[in-house]
file start-v9.txt (compact mmCIF, C-alpha atoms and all ligand atoms)
# COMPACT_ATOMS: atom_id res chain seq x y z
CA SER A 1 -52.08 -27.09 40.48
CA ASN A 2 -49.29 -26.43 38.04
CA GLY A 3 -49.39 -22.66 38.50
CA GLY A 4 -51.46 -22.18 35.36
CA LYS A 5 -48.67 -23.44 33.08
CA ASN A 6 -49.00 -26.41 30.77
CA ILE A 7 -46.22 -28.72 31.71
CA SER A 8 -45.45 -31.32 29.08
CA SER A 9 -44.08 -34.63 30.20
CA LYS A 10 -42.09 -34.93 26.95
CA PRO A 11 -38.37 -34.27 27.28
CA PRO A 12 -37.01 -31.52 25.04
CA PRO A 13 -35.97 -32.92 21.63
CA GLU A 14 -32.30 -33.51 20.85
CA PRO A 15 -31.07 -30.69 18.65
CA SER A 16 -30.97 -31.87 15.02
CA PRO A 17 -28.11 -30.70 12.77
CA LEU A 18 -30.54 -28.16 11.33
CA ARG A 19 -31.45 -26.80 14.77
CA ARG A 20 -27.79 -26.66 15.64
CA ALA A 21 -27.18 -24.61 12.49
CA LYS A 22 -30.01 -22.28 13.49
CA PHE A 23 -28.57 -21.99 16.97
CA PHE A 24 -25.23 -20.93 15.50
CA LYS A 25 -26.94 -18.46 13.17
CA ALA A 26 -28.54 -16.83 16.17
CA ASN A 27 -25.09 -15.90 17.40
CA MET A 28 -23.16 -12.81 16.37
CA ARG A 29 -21.37 -13.54 13.09
CA ILE A 30 -18.24 -11.45 12.70
CA LEU A 31 -16.00 -11.12 9.63
CA VAL A 32 -12.41 -10.02 10.27
CA THR A 33 -10.54 -9.10 7.06
CA GLY A 34 -6.78 -9.25 7.58
CA GLY A 35 -7.39 -11.47 10.61
CA ALA A 36 -4.22 -13.50 10.00
CA GLY A 37 -2.10 -10.38 10.53
CA PHE A 38 -0.58 -8.82 13.61
CA ILE A 39 -3.47 -6.76 15.04
CA GLY A 40 -6.13 -8.92 13.36
CA SER A 41 -5.04 -12.15 15.05
CA HIS A 42 -5.04 -10.53 18.51
CA LEU A 43 -8.52 -9.16 17.75
CA VAL A 44 -9.68 -12.66 16.75
CA ASP A 45 -8.32 -14.08 20.05
CA LYS A 46 -10.34 -11.51 21.98
CA LEU A 47 -13.54 -11.97 19.94
CA MET A 48 -13.33 -15.77 20.30
CA GLU A 49 -13.38 -15.41 24.11
CA ASN A 50 -17.04 -14.40 23.79
CA GLU A 51 -19.22 -17.47 23.23
CA GLU A 52 -21.81 -15.40 21.39
CA ASN A 53 -19.37 -14.74 18.56
CA MET A 54 -18.70 -16.74 15.41
CA VAL A 55 -15.58 -15.44 13.71
CA ILE A 56 -14.80 -15.69 9.99
CA VAL A 57 -11.36 -14.54 8.88
CA ALA A 58 -10.70 -13.58 5.24
CA ASP A 59 -7.01 -13.11 4.45
CA ASN A 60 -4.72 -13.59 1.43
CA TYR A 61 -1.63 -14.19 3.64
CA PHE A 62 0.36 -11.39 1.97
CA THR A 63 1.81 -10.24 5.29
CA GLY A 64 -0.23 -12.41 7.64
CA SER A 65 0.21 -16.06 8.55
CA LYS A 66 -1.98 -19.04 9.37
CA ASP A 67 0.35 -19.62 12.32
CA ASN A 68 -1.16 -16.59 14.07
CA LEU A 69 -4.54 -18.38 14.13
CA ARG A 70 -3.43 -21.98 14.67
CA GLN A 71 -5.03 -22.04 18.15
CA TRP A 72 -8.52 -21.72 16.55
CA PHE A 73 -8.31 -24.13 13.58
CA ASP A 74 -10.57 -26.82 15.00
CA HIS A 75 -12.94 -24.54 16.85
CA PRO A 76 -16.61 -24.82 15.76
CA ARG A 77 -17.12 -21.06 16.06
CA PHE A 78 -14.14 -20.26 13.79
CA GLU A 79 -13.60 -20.24 10.02
CA LEU A 80 -10.60 -19.20 7.93
CA ILE A 81 -10.93 -18.33 4.24
CA ARG A 82 -8.04 -17.65 1.87
CA HIS A 83 -9.46 -14.66 0.06
CA ASP A 84 -8.17 -11.49 -1.59
CA ILE A 85 -10.56 -8.65 -0.73
CA THR A 86 -9.97 -6.90 -4.06
CA LYS A 87 -12.37 -9.61 -5.30
CA PRO A 88 -16.04 -9.71 -4.19
CA LEU A 89 -16.84 -11.79 -1.12
CA LEU A 90 -20.19 -13.39 -0.33
CA VAL A 91 -20.72 -14.25 3.33
CA GLU A 92 -23.59 -13.59 5.75
CA VAL A 93 -22.38 -11.65 8.79
CA ASP A 94 -23.57 -9.08 11.33
CA LYS A 95 -20.32 -7.18 11.86
CA ILE A 96 -17.21 -6.57 9.77
CA TYR A 97 -13.84 -5.58 11.20
CA HIS A 98 -12.05 -4.48 8.04
CA LEU A 99 -8.28 -4.60 8.66
CA ALA A 100 -6.90 -6.16 5.46
CA CYS A 101 -4.06 -4.00 4.17
CA PRO A 102 -0.29 -4.29 4.57
CA ALA A 103 0.76 -1.85 7.32
CA SER A 104 4.54 -1.79 7.24
CA PRO A 105 6.17 0.65 4.79
CA ILE A 106 8.42 -2.08 3.28
CA PHE A 107 5.41 -4.24 2.45
CA TYR A 108 2.99 -1.54 1.33
CA LYS A 109 5.62 -0.02 -0.99
CA TYR A 110 6.59 -3.46 -2.38
CA ASN A 111 3.55 -3.49 -4.68
CA ALA A 112 2.12 0.00 -4.40
CA VAL A 113 -0.59 -0.57 -7.01
CA LYS A 114 -1.82 -3.62 -5.11
CA THR A 115 -1.83 -1.59 -1.87
CA ILE A 116 -4.07 1.10 -3.31
CA LYS A 117 -6.35 -1.54 -4.88
CA THR A 118 -6.66 -3.20 -1.46
CA ASN A 119 -7.56 0.11 0.15
CA VAL A 120 -9.98 1.31 -2.53
CA ILE A 121 -11.49 -1.74 -4.27
CA GLY A 122 -11.13 -3.87 -1.13
CA THR A 123 -12.97 -1.34 1.04
CA LEU A 124 -15.61 -0.86 -1.68
CA ASN A 125 -16.24 -4.61 -1.70
CA MET A 126 -16.55 -4.76 2.08
CA LEU A 127 -19.01 -1.84 1.97
CA GLY A 128 -21.00 -3.57 -0.77
CA LEU A 129 -21.10 -6.64 1.45
CA ALA A 130 -22.15 -4.55 4.48
CA LYS A 131 -24.92 -2.99 2.38
CA ARG A 132 -26.24 -6.33 1.08
CA VAL A 133 -26.39 -8.03 4.49
CA GLY A 134 -27.01 -4.95 6.68
CA ALA A 135 -23.80 -5.38 8.67
CA ARG A 136 -22.00 -2.77 10.75
CA ILE A 137 -18.47 -2.17 9.44
CA LEU A 138 -15.35 -0.86 11.18
CA LEU A 139 -12.37 0.37 9.14
CA THR A 140 -8.87 0.44 10.62
CA SER A 141 -7.62 3.70 9.19
CA THR A 142 -4.33 5.18 10.25
CA SER A 143 -2.55 8.17 11.73
CA GLU A 144 -0.87 8.36 8.30
CA VAL A 145 -3.99 10.17 7.05
CA TYR A 146 -2.50 13.18 8.89
CA GLY A 147 0.64 12.87 6.72
CA ASP A 148 3.54 14.98 8.00
CA PRO A 149 1.26 16.82 10.44
CA LEU A 150 1.33 20.57 10.93
CA VAL A 151 -0.85 20.22 14.05
CA HIS A 152 0.56 18.53 17.15
CA PRO A 153 -0.77 16.41 18.81
CA GLN A 154 -3.18 15.30 16.09
CA THR A 155 -6.92 15.74 16.67
CA GLU A 156 -9.55 14.05 14.50
CA ASP A 157 -10.69 17.33 12.93
CA TYR A 158 -7.23 18.00 11.46
CA TRP A 159 -7.35 17.38 7.68
CA GLY A 160 -3.73 16.42 7.32
CA ASN A 161 -0.68 17.30 5.26
CA VAL A 162 -0.29 14.47 2.77
CA ASN A 163 1.74 14.15 -0.42
CA PRO A 164 -0.66 12.73 -3.05
CA ILE A 165 2.09 11.49 -5.41
CA GLY A 166 4.77 10.17 -3.04
CA VAL A 167 5.96 6.64 -2.29
CA ARG A 168 3.74 6.45 0.81
CA SER A 169 0.63 7.71 -1.02
CA CYS A 170 -0.65 4.23 -1.94
CA TYR A 171 -1.08 3.74 1.80
CA ASP A 172 -2.00 7.14 3.25
CA GLU A 173 -4.06 8.43 0.31
CA GLY A 174 -5.48 4.91 -0.05
CA LYS A 175 -6.75 5.04 3.55
CA ARG A 176 -8.11 8.56 2.98
CA VAL A 177 -10.19 7.26 0.04
CA ALA A 178 -11.26 4.30 2.19
CA GLU A 179 -12.54 6.77 4.83
CA THR A 180 -14.36 8.74 2.10
CA LEU A 181 -16.03 5.55 0.82
CA MET A 182 -17.11 4.68 4.37
CA PHE A 183 -18.80 8.05 4.86
CA ASP A 184 -20.40 8.04 1.38
CA TYR A 185 -21.92 4.58 1.99
CA HIS A 186 -23.07 5.82 5.39
CA ARG A 187 -24.74 8.98 4.01
CA GLN A 188 -26.07 7.47 0.80
CA HIS A 189 -27.02 3.95 1.88
CA GLY A 190 -27.39 4.27 5.66
CA ILE A 191 -24.60 1.77 6.39
CA GLU A 192 -23.52 1.71 10.06
CA ILE A 193 -19.84 2.65 10.03
CA ARG A 194 -17.00 2.98 12.53
CA ILE A 195 -13.59 4.47 11.70
CA ALA A 196 -10.54 4.00 13.93
CA ARG A 197 -7.41 6.02 13.20
CA ILE A 198 -4.75 3.72 14.56
CA PHE A 199 -1.38 5.07 15.71
CA ASN A 200 1.82 2.98 15.79
CA THR A 201 1.10 -0.33 17.48
CA TYR A 202 3.54 -3.00 18.67
CA GLY A 203 3.49 -6.39 20.36
CA PRO A 204 3.92 -10.14 19.91
CA ARG A 205 3.38 -11.58 16.38
CA MET A 206 4.71 -8.54 14.53
CA ASN A 207 6.64 -9.69 11.48
CA ILE A 208 10.26 -9.97 12.65
CA ASP A 209 11.79 -8.40 9.54
CA ASP A 210 9.02 -6.07 8.46
CA GLY A 211 11.12 -2.94 8.89
CA ARG A 212 8.98 -1.22 11.48
CA VAL A 213 10.98 0.47 14.17
CA VAL A 214 10.03 -1.47 17.31
CA SER A 215 10.34 -4.86 15.57
CA ASN A 216 13.65 -3.80 13.95
CA PHE A 217 15.23 -2.60 17.19
CA LEU A 218 14.09 -5.66 19.12
CA ALA A 219 15.32 -8.14 16.50
CA GLN A 220 18.61 -6.25 16.23
CA ALA A 221 19.14 -6.20 19.99
CA ILE A 222 18.39 -9.93 20.25
CA ARG A 223 20.75 -10.76 17.35
CA ASP A 224 23.59 -8.58 18.73
CA GLU A 225 23.35 -6.25 15.75
CA PRO A 226 23.57 -2.44 15.97
CA LEU A 227 20.28 -0.56 16.34
CA THR A 228 19.63 1.41 13.13
CA VAL A 229 18.23 4.84 13.96
CA GLN A 230 17.15 6.55 10.75
CA LEU A 231 18.20 10.18 10.43
CA PRO A 232 17.72 12.58 12.08
CA GLY A 233 16.65 10.41 15.06
CA THR A 234 14.74 13.30 16.59
CA GLN A 235 11.53 12.29 14.75
CA THR A 236 8.89 11.07 17.18
CA ARG A 237 6.28 8.31 17.40
CA SER A 238 3.87 7.17 20.13
CA PHE A 239 3.56 3.41 20.61
CA CYS A 240 0.46 1.52 21.68
CA TYR A 241 0.56 -2.08 22.96
CA VAL A 242 -1.60 -4.41 20.87
CA ALA A 243 -3.90 -5.55 23.73
CA ASP A 244 -4.85 -1.91 24.39
CA MET A 245 -5.47 -1.42 20.66
CA VAL A 246 -7.80 -4.43 20.43
CA ASP A 247 -9.76 -3.21 23.45
CA GLY A 248 -10.18 0.21 21.79
CA LEU A 249 -11.34 -1.31 18.48
CA ILE A 250 -13.99 -3.47 20.18
CA ARG A 251 -15.28 -0.50 22.22
CA LEU A 252 -15.54 1.56 19.05
CA MET A 253 -17.44 -1.19 17.21
CA GLU A 254 -19.85 -1.68 20.14
CA GLY A 255 -20.42 2.04 20.80
CA ASP A 256 -22.64 4.59 19.06
CA ASN A 257 -20.05 6.82 17.39
CA THR A 258 -19.04 6.59 13.75
CA GLY A 259 -15.69 8.23 14.43
CA PRO A 260 -13.15 8.84 13.08
CA ILE A 261 -11.58 8.30 16.49
CA ASN A 262 -7.85 8.24 17.22
CA ILE A 263 -6.74 5.07 19.00
CA GLY A 264 -3.16 5.13 20.17
CA ASN A 265 -0.88 5.77 23.10
CA PRO A 266 -0.01 9.44 23.62
CA SER A 267 3.41 8.78 25.25
CA GLU A 268 5.77 10.22 22.66
CA PHE A 269 9.39 9.16 22.09
CA THR A 270 12.11 10.21 19.67
CA MET A 271 13.63 7.29 17.73
CA LEU A 272 16.90 7.89 19.60
CA GLU A 273 15.08 7.59 22.93
CA LEU A 274 13.41 4.40 21.74
CA ALA A 275 16.79 2.96 20.74
CA GLU A 276 18.23 3.87 24.16
CA THR A 277 15.28 2.22 25.90
CA VAL A 278 15.60 -1.02 23.91
CA LYS A 279 19.37 -1.05 24.44
CA GLU A 280 19.03 -0.57 28.18
CA MET A 281 16.29 -3.19 28.56
CA ILE A 282 17.53 -5.89 26.22
CA ASN A 283 21.21 -5.62 25.37
CA PRO A 284 23.29 -2.85 27.02
CA ALA A 285 26.38 -3.89 25.03
CA ILE A 286 24.78 -3.01 21.70
CA GLU A 287 25.80 -0.09 19.47
CA ILE A 288 23.36 2.56 18.17
CA ILE A 289 24.12 3.76 14.62
CA LYS A 290 22.53 6.40 12.38
CA VAL A 291 21.41 5.40 8.89
CA GLU A 292 19.68 7.11 5.94
CA ASN A 293 15.94 7.72 6.20
CA THR A 294 13.24 7.10 3.56
CA PRO A 295 11.32 9.91 1.75
CA ASP A 296 8.33 11.68 3.35
CA ASP A 297 9.01 10.34 6.85
CA PRO A 298 6.68 12.22 9.25
CA ARG A 299 8.73 14.20 11.78
CA GLN A 300 6.39 13.90 14.71
CA ARG A 301 3.31 11.95 15.64
CA LYS A 302 1.22 11.77 18.79
CA PRO A 303 -2.50 11.15 19.12
CA ASP A 304 -4.89 13.45 20.93
CA ILE A 305 -7.14 10.81 22.53
CA THR A 306 -9.67 13.12 24.20
CA LYS A 307 -12.44 11.70 21.98
CA ALA A 308 -11.56 8.06 22.73
CA LYS A 309 -11.58 8.84 26.46
CA GLU A 310 -14.89 10.72 26.37
CA LEU A 311 -16.82 8.67 23.82
CA LEU A 312 -15.42 5.17 24.38
CA GLY A 313 -14.20 5.39 27.98
CA TRP A 314 -10.92 4.07 26.60
CA GLU A 315 -7.30 4.86 27.29
CA PRO A 316 -4.17 2.74 26.97
CA ARG A 317 -2.97 0.94 30.11
CA ILE A 318 0.30 -0.69 29.07
CA LYS A 319 3.45 1.43 29.13
CA LEU A 320 6.32 0.90 26.68
CA HIS A 321 8.50 -0.42 29.52
CA ASP A 322 5.95 -3.14 30.28
CA GLY A 323 5.09 -3.93 26.67
CA ILE A 324 8.63 -4.45 25.37
CA PRO A 325 9.39 -7.47 27.61
CA LEU A 326 6.13 -9.14 26.48
CA MET A 327 7.20 -8.70 22.87
CA GLU A 328 10.81 -9.71 23.61
CA GLU A 329 9.70 -13.12 24.85
CA ASP A 330 7.79 -13.82 21.61
CA PHE A 331 10.63 -12.51 19.41
CA ARG A 332 13.26 -14.60 21.23
CA LYS A 333 11.19 -17.74 20.72
CA ARG A 334 10.71 -17.07 17.02
CA ILE A 335 14.29 -15.93 16.34
CA GLY A 336 15.60 -18.82 18.42
CA ILE A 337 17.96 -16.88 20.69
CA LEU A 338 17.23 -17.12 24.42
CA ARG A 339 18.31 -14.59 27.01
CA LYS A 340 21.98 -14.96 27.97
P1 LIG A 401 -0.46 -6.83 9.05
O1 LIG A 401 0.29 -6.62 7.78
O2 LIG A 401 0.12 -7.70 10.09
O3 LIG A 401 -1.94 -7.35 8.75
C1 LIG A 401 -2.64 -7.08 7.57
C2 LIG A 401 -3.33 -8.35 7.12
O4 LIG A 401 -4.08 -8.08 5.92
C3 LIG A 401 -2.35 -9.48 6.78
O5 LIG A 401 -2.77 -10.68 7.38
C4 LIG A 401 -2.41 -9.56 5.26
O6 LIG A 401 -2.11 -10.84 4.76
C5 LIG A 401 -3.85 -9.12 4.98
N1 LIG A 401 -4.05 -8.57 3.63
C6 LIG A 401 -3.33 -7.62 3.00
N2 LIG A 401 -3.86 -7.38 1.78
C7 LIG A 401 -4.94 -8.18 1.65
C8 LIG A 401 -5.88 -8.41 0.61
N3 LIG A 401 -5.82 -7.75 -0.56
N4 LIG A 401 -6.85 -9.33 0.82
C9 LIG A 401 -6.93 -10.01 1.98
N5 LIG A 401 -6.05 -9.86 2.99
C10 LIG A 401 -5.07 -8.94 2.82
O7 LIG A 401 -0.74 -5.37 9.63
P2 LIG A 401 -1.34 -4.90 11.02
O8 LIG A 401 -0.28 -4.15 11.71
O9 LIG A 401 -2.00 -6.01 11.72
O10 LIG A 401 -2.43 -3.84 10.53
C11 LIG A 401 -3.80 -4.15 10.48
C12 LIG A 401 -4.58 -2.89 10.07
O11 LIG A 401 -4.32 -1.82 10.97
C13 LIG A 401 -4.23 -2.38 8.69
O12 LIG A 401 -5.42 -1.94 8.05
C14 LIG A 401 -3.34 -1.20 8.95
O13 LIG A 401 -3.41 -0.24 7.93
C15 LIG A 401 -3.90 -0.67 10.26
N6 LIG A 401 -2.89 0.07 11.03
C16 LIG A 401 -1.87 -0.58 11.68
C17 LIG A 401 -0.91 0.16 12.37
C18 LIG A 401 0.21 -0.49 13.13
O14 LIG A 401 1.01 0.19 13.75
N7 LIG A 401 0.32 -1.80 13.12
C19 LIG A 401 -1.00 1.56 12.39
C20 LIG A 401 -2.03 2.17 11.71
C21 LIG A 401 -2.99 1.43 11.04
N1 LIG A 402 -19.90 -6.89 -3.05
C1 LIG A 402 -19.29 -7.95 -2.38
N2 LIG A 402 -20.06 -8.75 -1.59
C2 LIG A 402 -21.40 -8.56 -1.43
C3 LIG A 402 -21.99 -7.48 -2.09
C4 LIG A 402 -21.23 -6.66 -2.90
O1 LIG A 402 -18.08 -8.15 -2.47
O2 LIG A 402 -22.01 -9.33 -0.70
C5 LIG A 402 -19.09 -6.02 -3.91
C6 LIG A 402 -19.65 -5.91 -5.30
O3 LIG A 402 -19.03 -6.90 -6.12
C7 LIG A 402 -19.29 -4.52 -5.74
C8 LIG A 402 -18.99 -3.77 -4.45
O4 LIG A 402 -19.12 -4.72 -3.40
O5 LIG A 402 -18.11 -4.52 -6.53
C9 LIG A 402 -19.90 -2.61 -4.20
O6 LIG A 402 -21.22 -3.10 -4.11
P1 LIG A 402 -22.49 -2.18 -4.32
O7 LIG A 402 -23.70 -3.04 -4.24
O8 LIG A 402 -22.41 -1.02 -3.41
O9 LIG A 402 -22.28 -1.57 -5.77
P2 LIG A 402 -22.56 -2.16 -7.22
O10 LIG A 402 -22.48 -3.65 -7.14
O11 LIG A 402 -23.91 -1.66 -7.54
O12 LIG A 402 -21.47 -1.56 -8.04
N1 LIG A 403 12.95 3.94 11.97
C1 LIG A 403 14.23 3.87 12.48
N2 LIG A 403 14.94 2.71 12.35
C2 LIG A 403 14.42 1.60 11.77
C3 LIG A 403 13.08 1.67 11.25
C4 LIG A 403 12.39 2.85 11.38
O1 LIG A 403 14.75 4.84 13.03
O2 LIG A 403 15.12 0.57 11.70
C5 LIG A 403 12.18 5.20 12.13
C6 LIG A 403 11.54 5.75 10.86
O3 LIG A 403 12.43 6.64 10.20
C7 LIG A 403 10.33 6.48 11.40
C8 LIG A 403 9.99 5.73 12.69
O4 LIG A 403 11.09 4.90 12.99
O5 LIG A 403 10.68 7.80 11.75
C9 LIG A 403 8.74 4.86 12.57
O6 LIG A 403 8.86 4.04 11.42
P1 LIG A 403 7.92 2.80 11.14
O7 LIG A 403 8.27 2.29 9.80
O8 LIG A 403 7.98 1.87 12.29
O9 LIG A 403 6.43 3.38 11.16
P2 LIG A 403 5.73 4.66 10.48
O10 LIG A 403 6.75 5.46 9.71
O11 LIG A 403 4.69 4.06 9.62
O12 LIG A 403 5.21 5.42 11.63

call {"tool": "encode", "arguments": {"input": "start-v9.txt", "output": "structure tokens"}}
result
Amino acid sequence: SNGGKNISSKPPPEPSPLRRAKFFKANMRILVTGGAGFIGSHLVDKLMENEENMVIVADNYFTGSKDNLRQWFDHPRFELIRHDITKPLLVEVDKIYHLACPASPIFYKYNAVKTIKTNVIGTLNMLGLAKRVGARILLTSTSEVYGDPLVHPQTEDYWGNVNPIGVRSCYDEGKRVAETLMFDYHRQHGIEIRIARIFNTYGPRMNIDDGRVVSNFLAQAIRDEPLTVQLPGTQTRSFCYVADMVDGLIRLMEGDNTGPINIGNPSEFTMLELAETVKEMINPAIEIIKVENTPDDPRQRKPDITKAKELLGWEPRIKLHDGIPLMEEDFRKRIGILRK
């Protein structure tokens, strides 16, 4: 007896190119906008570890670089498209991680009109895409939606204190509109949305000269230049290592909560403390100097991550003291100055 089953003596057919295509389609197709950037490329690395995932990156290389994705160029589950998301995009995907947007103040102020177009028209296009193909979409919003916060630490229900006509508005008001669009598409069209409010993140592959504080201090310390603390130096930030951030974003996407949910590291430092830490760890001979600040600089920032802990089971693991050496190694290689 064959146990009631019909056993065929024919071997299974070789998969034809068409069957192979179908096999790939059966996998999870994920679009990452801004995937050539700092956080995006680390997210792509993590998503590619899962054999179920096919990853498509759309990026216009404004602040990102193909170099960040070089390790995946020939991979059959990976595709890279040069595309500006302020223009419509037609692809068939199941999930969209929507990160495209310059994140460093120098770059987002460089062409403010383009920044707000990326946030508004770009997000609208990604929502139109999500609607057409029925994809779930995650937006990387920012702690900047809280502006110069009057509530400390910041909880998700705080509405923020934002200047609508300042030099940072293209970014922070742009992200606020992006969040509004997400919720309107959710309510009106039933789109599955996820919103992460990301707090300051650091790690390997940050642009070396992008003006953000951790990358500035590290590059300065490596080049034997003074660390430039912008006045007054008592302003605070809380820094999350990029691997923790990526883990939080994936948990948010895979979970059942729309958010917004703060994702960041609640350990808070003044910029003077950060400078002292970098000096002590990397180059004790270096000088710390005070320089002018830019307008509308938030005086304090620290996430309340109660929601992320309860709803995503997430909290950051990597402390600043452990993260800085990981970033130092990458910066030294790229700057070309090894440890003395
Ligand atoms: P990044 O500048 O390294 O990456 C952004 C990527 O988007 C780049 O590759 C860039 O080329 C691409 N891009 C920009 N405009 C585009 C457009 N019009 N079309 C297509 N691609 C475009 O920045 P990041 O630090 O990796 O930030 C990623 C996301 O996280 C951004 O949405 C940012 O607002 C958000 N975020 C980051 C931080 C942080 O500390 N890094 C904090 C809060 C929020
Ligand atoms: N869109 C896109 N890719 C798609 C579907 C739509 O880029 O696969 C763009 C579309 O060009 C439009 C935007 O998304 O500008 C919003 O689309 P929606 O269908 O919501 O609005 P409508 O096209 O009716 O204005
Ligand atoms: N900052 C600084 N020295 C620098 C660059 C930035 O002291 O060389 C300060 C800046 O004034 C701000 C903080 O570091 O208070 C964080 O700035 P960043 O541009 O990194 O991020 P964001 O303002 O978006 O949080």

call {"tool": "residues_around", "arguments": {"input": "start-v9.txt", "residues": "A:Asp297", "least_positions_apart": "4", "cutoff": "9 Å", "atoms": "all atoms listed in the file", "output": "PyMOL selection string"}}
result
chain A and resi 147-148+168+235+293

call {"tool": "axis_aligned_box", "arguments": {"input": "start-v9.txt", "around": "ligand LIG 401 (chain A)", "padding_each_side": "8 Å", "output": "lines of an AutoDock Vina configuration file"}}
result
center_x = -3.0
center_y = -4.3
center_z = 6.6
size_x = 23.9
size_y = 29.0
size_z = 30.3

call {"tool": "atom_distance", "arguments": {"input": "start-v9.txt", "atom1": "atom CA of A:Arg176", "atom2": "atom CA of A:Pro260"}}
result
11.3 Å

call {"tool": "atom_distance", "arguments": {"input": "start-v9.txt", "atom1": "atom CA of A:Met253", "atom2": "atom CA of A:Leu312"}}
result
9.8 Å

call {"tool": "closest_residue", "arguments": {"input": "start-v9.txt", "among": "A:Leu231, A:Cys170, A:Ala100, A:Val291", "to": "ligand LIG 401 (chain A)", "atoms": "only C-alpha atoms and all ligand atoms"}}
result
A:Ala100

call {"tool": "closest_atom_pairs", "arguments": {"input": "start-v9.txt", "of": "chain A", "to": "ligand LIG 402 (chain A)", "cutoff": "9 Å", "atoms": "only C-alpha atoms and all ligand atoms", "output": "JSON lines"}}
result
{"residue": "A:Ile85", "atom": "CA", "partner": "A:LIG402", "partner_atom": "O1", "distance": 7.7}
{"residue": "A:Thr86", "atom": "CA", "partner": "A:LIG402", "partner_atom": "O1", "distance": 8.4}
{"residue": "A:Lys87", "atom": "CA", "partner": "A:LIG402", "partner_atom": "O1", "distance": 6.5}
{"residue": "A:Pro88", "atom": "CA", "partner": "A:LIG402", "partner_atom": "O1", "distance": 3.1}
{"residue": "A:Leu89", "atom": "CA", "partner": "A:LIG402", "partner_atom": "O1", "distance": 4.1}
{"residue": "A:Leu90", "atom": "CA", "partner": "A:LIG402", "partner_atom": "O2", "distance": 4.5}
{"residue": "A:Val91", "atom": "CA", "partner": "A:LIG402", "partner_atom": "O2", "distance": 6.5}
{"residue": "A:Glu92", "atom": "CA", "partner": "A:LIG402", "partner_atom": "O2", "distance": 7.9}
{"residue": "A:Ile121", "atom": "CA", "partner": "A:LIG402", "partner_atom": "O5", "distance": 7.5}
{"residue": "A:Gly122", "atom": "CA", "partner": "A:LIG402", "partner_atom": "O1", "distance": 8.3}
{"residue": "A:Thr123", "atom": "CA", "partner": "A:LIG402", "partner_atom": "O4", "distance": 8.3}
{"residue": "A:Leu124", "atom": "CA", "partner": "A:LIG402", "partner_atom": "C8", "distance": 5.3}
{"residue": "A:Asn125", "atom": "CA", "partner": "A:LIG402", "partner_atom": "O4", "distance": 3.3}
{"residue": "A:Met126", "atom": "CA", "partner": "A:LIG402", "partner_atom": "O1", "distance": 5.9}
{"residue": "A:Leu127", "atom": "CA", "partner": "A:LIG402", "partner_atom": "O4", "distance": 6.1}
{"residue": "A:Gly128", "atom": "CA", "partner": "A:LIG402", "partner_atom": "O6", "distance": 3.4}
{"residue": "A:Leu129", "atom": "CA", "partner": "A:LIG402", "partner_atom": "C2", "distance": 3.5}
{"residue": "A:Ala130", "atom": "CA", "partner": "A:LIG402", "partner_atom": "O2", "distance": 7.0}
{"residue": "A:Lys131", "atom": "CA", "partner": "A:LIG402", "partner_atom": "O8", "distance": 6.6}
{"residue": "A:Arg132", "atom": "CA", "partner": "A:LIG402", "partner_atom": "C3", "distance": 5.4}
{"residue": "A:Val133", "atom": "CA", "partner": "A:LIG402", "partner_atom": "O2", "distance": 6.9}
{"residue": "A:Tyr185", "atom": "CA", "partner": "A:LIG402", "partner_atom": "O8", "distance": 7.8}
{"residue": "A:His189", "atom": "CA", "partner": "A:LIG402", "partner_atom": "O8", "distance": 8.6}

call {"tool": "residues_near_ligand", "arguments": {"input": "start-v9.txt", "ligand": "ligand LIG 401 (chain A)", "cutoff": "7 Å", "atoms": "only C-alpha atoms and all ligand atoms", "output": "NGL selection string"}}
result
:A and (33-40 or 58-65 or 83-86 or 99-104 or 118 or 122 or 140-143 or 197-202 or 206-207)

call {"tool": "residues_near_ligand", "arguments": {"input": "start-v9.txt", "ligand": "ligand LIG 403 (chain A)", "cutoff": "9 Å", "atoms": "all atoms listed in the file", "output": "NGL selection string"}}
result
:A and (103-106 or 143-144 or 199-201 or 210-217 or 220 or 227-238 or 270-272 or 274-275 or 290-294 or 297-301)

call {"tool": "closest_residue", "arguments": {"input": "start-v9.txt", "among": "A:Glu273, A:Asp322, A:Asp224, A:Asp304", "to": "A:Arg339", "atoms": "only C-alpha atoms"}}
result
A:Asp224

call {"tool": "closest_residue", "arguments": {"input": "start-v9.txt", "among": "A:Lys340, A:Lys95, A:Arg251, A:Lys109", "to": "A:Val167", "atoms": "only C-alpha atoms"}}
result
A:Lys109

call {"tool": "residues_around", "arguments": {"input": "start-v9.txt", "residues": "A:Ala243", "least_positions_apart": "3", "cutoff": "9 Å", "atoms": "all atoms listed in the file", "output": "NGL selection string"}}
result
:A and (39 or 42-43 or 46 or 203 or 240 or 246-248 or 316 or 318)
